[in-house]
Amino acid sequence: MPALFDWVSPSRGGMRSASRARLISFGLAAGAVVLATGLIAASPDANLKSAALEPGEALPGGGATSKASTDNANAFSHASGNMAFQDELKFKVGNGIFKKMWVSAPASTLASDGLGPLYNARSCQACHIKDGRGHPPSGPDDDAVSMLLRLSIPAEASSGGAAANLEPPKTTAPEPTYGEQLQDLSVQGHAAEGRLRVDYAETSVRLQGGETVMLRAPRYSIADLAYGPLHPLTMLSPRIAQPMIGLGLLEAIPQEDILARADPEDADGDGVSGRPHWVRREGGADELGRFGWKASSASVRRQAAEAFAGDIGVSTPDIRRPYGDCTKAQSFCLNAPHGETAGAPEIEEKLFSLVVFYSQNLAVPRRRDAQAPDVLKGRALFHQIGCAACHAPSHKTGEAPGGAHLADQTIWPYTDLLLHDMGEGLADHRPDGDASGREWRTPPLWGVGLTQTVNGHTFLLHDGRARNVLEAILWHGGEAQNARDAFARLTKSERERLIAFVNSL
């Protein structure tokens, strides 16, 4: 069957011709895309019988599911429902530190200084707004506080190798002047590195039944660069902040269970070949990545340490980098005051571990309308067209770093935590560890339907280009191409039922 989009190959091979490589910065060429009719299989029976929910499915976090209301903006900010009373104080204090606004050094309050000098946010909460999902800038005058822009160059270029290489690099190095990410804020007396700009090119997609959907493809650039030009081979990769719910439960899924779902060579021939991301640590063994858009962090603790260092510029017991992401080209930054005292990091172990505990114990909300007839029919369609091949519905937790109450729980996150080739349309063309520029970790779907309630928007995917669930599905390619095409062949009412199911999670 021919590809539904002429600009995307259904195989893992990528673009069909070198000329189409020019579309990389857009992710999608402008113009109309029309669903081919007469070449597709008949739509599934509109009267498809729904399967009943499995036991416990309405409680996606098992016993740790939130006991609080899900109809307000605090739906993502509650503690694990089965947390012991004596742990509630740890959770609340951790919440306070998560929200704390850091200030530049030196300051009279030693426990709160160490910000920057270059940074993206003054607190964890500033990026993870209401513990929820970030968003791209809404226009040229909006900030990018809940969206990062990763920067890197091919590793060969950093060591004086070839100045140009058309092949995607396998390893990268930080951009020489601006480091690993663009930092668009700074402390007094210093200039921020620059300002993220996003421009969109729209294209239309016509689905079965004549429905037309507009997709927007982003192009990224940096305005007001303060410290000189970027390296000519700089790769840009945007990342919106992900929801914080259920992290301790994902951390508690046994490694062997995740690996059992991997099929890197597609041995079963279903076109889906998820693989684990092994994260290398200096002086230590490789660890299984679970967190971040590319599964580049192996634990909640490591993810928190990397965020403190890169986003806020605060050193932790795990990453002693009081100057954050400063580079050798930014001598002013390296010579600025910092908040480390007597050899202690800017956030000491006791406070840092409370932030980690808080992050591990933000509860997953209960399902909404899980038994509604349309939701159940959408559930059946979700499985029938192949979405569950990557968005694996359930797991059983084992030992839990976030507390014994998170162990031995049947959970329903709808992720396999593996890397998948998502096609050229979503590729950022920037390797991240062992993850290629076309690979992304399957994001959990639990709580996705509450994004509007918590964060006031419905932007999805790694860069927020999708404005709703429908657009997010239509962006799927690569290993998800068959499922995406099957979705496009559904009738409008069937698509609405499947979306209703996703929004009930």
# chains A, B, ... in the order shown; residues from 1 in each chain; ligands from 1
call {"tool": "residues_around", "arguments": {"residues": "region 320-337 of chain A", "least_positions_apart": "6", "cutoff": "8 Å", "atoms": "only C-alpha atoms", "output": "NGL selection string"}}
result
:A and (105-106 or 114 or 116-119 or 176-181 or 227 or 309-314 or 345-346)
call {"tool": "write_last_selection", "arguments": {"atoms": "C-alpha atoms", "output": "compact mmCIF listing (two decimals), in the first residue's frame"}}
result
# COMPACT_ATOMS: atom_id res chain seq x y z
CA ALA A 105 24.64 34.15 45.17
CA PRO A 106 25.71 35.57 47.49
CA GLY A 114 23.05 29.47 43.77
CA GLY A 116 22.38 30.51 37.44
CA PRO A 117 24.21 32.65 36.47
CA LEU A 118 22.46 31.48 33.25
CA TYR A 119 19.26 29.50 33.69
CA PRO A 176 31.06 25.15 22.09
CA THR A 177 29.75 28.56 23.18
CA TYR A 178 26.26 27.90 24.52
CA GLY A 179 26.58 24.40 25.99
CA GLU A 180 23.93 21.68 26.12
CA GLN A 181 20.84 23.86 26.13
CA TYR A 227 27.73 35.54 22.95
CA ALA A 309 22.08 21.57 37.09
CA GLY A 310 20.88 22.37 33.58
CA ASP A 311 17.64 24.27 34.13
CA ILE A 312 18.26 26.20 37.36
CA GLY A 313 22.06 26.18 37.61
CA VAL A 314 22.06 24.64 41.10
CA PRO A 345 26.48 21.54 47.10
CA GLU A 346 24.01 24.36 46.66
call {"tool": "atom_distance", "arguments": {"atom1": "CA of Pro444 (chain A)", "atom2": "CA of Glu494 (chain A)"}}
result
22.5 Å
call {"tool": "closest_residue", "arguments": {"among": "A:Ala307, A:Met83, A:Leu196, A:Leu230", "to": "Asn361 (chain A)", "atoms": "only C-alpha atoms"}}
result
A:Met83
call {"tool": "select_by_dssp", "arguments": {"residues": "region 43-283 of chain A", "states": "alpha helix (DSSP H)", "output": "VMD selection string"}}
result
chain A and resid 85 to 99 124 to 127 155 to 158 247 to 251 255 to 260
call {"tool": "residues_around", "arguments": {"residues": "region 447-451 of chain A", "least_positions_apart": "3", "cutoff": "7 Å", "atoms": "only C-alpha atoms", "output": "PyMOL selection string"}}
result
chain A and resi 133+364-365+454-458+502-505
call {"tool": "write_last_selection", "arguments": {"atoms": "N, CA and C atoms", "output": "PDB file, in the first residue's frame"}}
result
ATOM      1  N   ARG A 133       2.050  19.539  32.323  1.00  0.00           N
ATOM      2  CA  ARG A 133       2.695  19.545  31.015  1.00  0.00           C
ATOM      3  C   ARG A 133       3.048  20.968  30.589  1.00  0.00           C
ATOM      4  N   VAL A 364      -1.182   9.440  40.368  1.00  0.00           N
ATOM      5  CA  VAL A 364      -1.928   9.408  39.111  1.00  0.00           C
ATOM      6  C   VAL A 364      -3.411   9.571  39.430  1.00  0.00           C
ATOM      7  N   PRO A 365      -4.123  10.464  38.731  1.00  0.00           N
ATOM      8  CA  PRO A 365      -5.563  10.625  38.985  1.00  0.00           C
ATOM      9  C   PRO A 365      -6.363   9.396  38.555  1.00  0.00           C
ATOM     10  N   VAL A 454      -5.688  21.004  34.101  1.00  0.00           N
ATOM     11  CA  VAL A 454      -4.547  21.377  34.935  1.00  0.00           C
ATOM     12  C   VAL A 454      -3.767  22.537  34.342  1.00  0.00           C
ATOM     13  N   ASN A 455      -3.517  22.494  33.049  1.00  0.00           N
ATOM     14  CA  ASN A 455      -2.592  23.454  32.433  1.00  0.00           C
ATOM     15  C   ASN A 455      -3.225  24.430  31.453  1.00  0.00           C
ATOM     16  N   GLY A 456      -4.507  24.276  31.181  1.00  0.00           N
ATOM     17  CA  GLY A 456      -5.182  25.252  30.334  1.00  0.00           C
ATOM     18  C   GLY A 456      -4.874  25.139  28.865  1.00  0.00           C
ATOM     19  N   HIS A 457      -4.340  24.004  28.427  1.00  0.00           N
ATOM     20  CA  HIS A 457      -4.058  23.785  27.007  1.00  0.00           C
ATOM     21  C   HIS A 457      -4.088  22.290  26.742  1.00  0.00           C
ATOM     22  N   THR A 458      -3.946  21.910  25.480  1.00  0.00           N
ATOM     23  CA  THR A 458      -3.911  20.488  25.122  1.00  0.00           C
ATOM     24  C   THR A 458      -2.750  20.196  24.179  1.00  0.00           C
ATOM     25  N   VAL A 502      -8.721   7.766  24.977  1.00  0.00           N
ATOM     26  CA  VAL A 502      -7.424   8.332  25.379  1.00  0.00           C
ATOM     27  C   VAL A 502      -7.615   9.430  26.410  1.00  0.00           C
ATOM     28  N   ASN A 503      -8.607  10.288  26.209  1.00  0.00           N
ATOM     29  CA  ASN A 503      -8.851  11.380  27.139  1.00  0.00           C
ATOM     30  C   ASN A 503      -9.434  10.915  28.464  1.00  0.00           C
ATOM     31  N   SER A 504      -9.859   9.651  28.538  1.00  0.00           N
ATOM     32  CA  SER A 504     -10.361   9.127  29.817  1.00  0.00           C
ATOM     33  C   SER A 504      -9.238   8.585  30.687  1.00  0.00           C
ATOM     34  N   LEU A 505      -8.036   8.443  30.112  1.00  0.00           N
ATOM     35  CA  LEU A 505      -6.922   7.792  30.829  1.00  0.00           C
ATOM     36  C   LEU A 505      -6.351   8.705  31.920  1.00  0.00           C
TER      37      LEU A 505
END
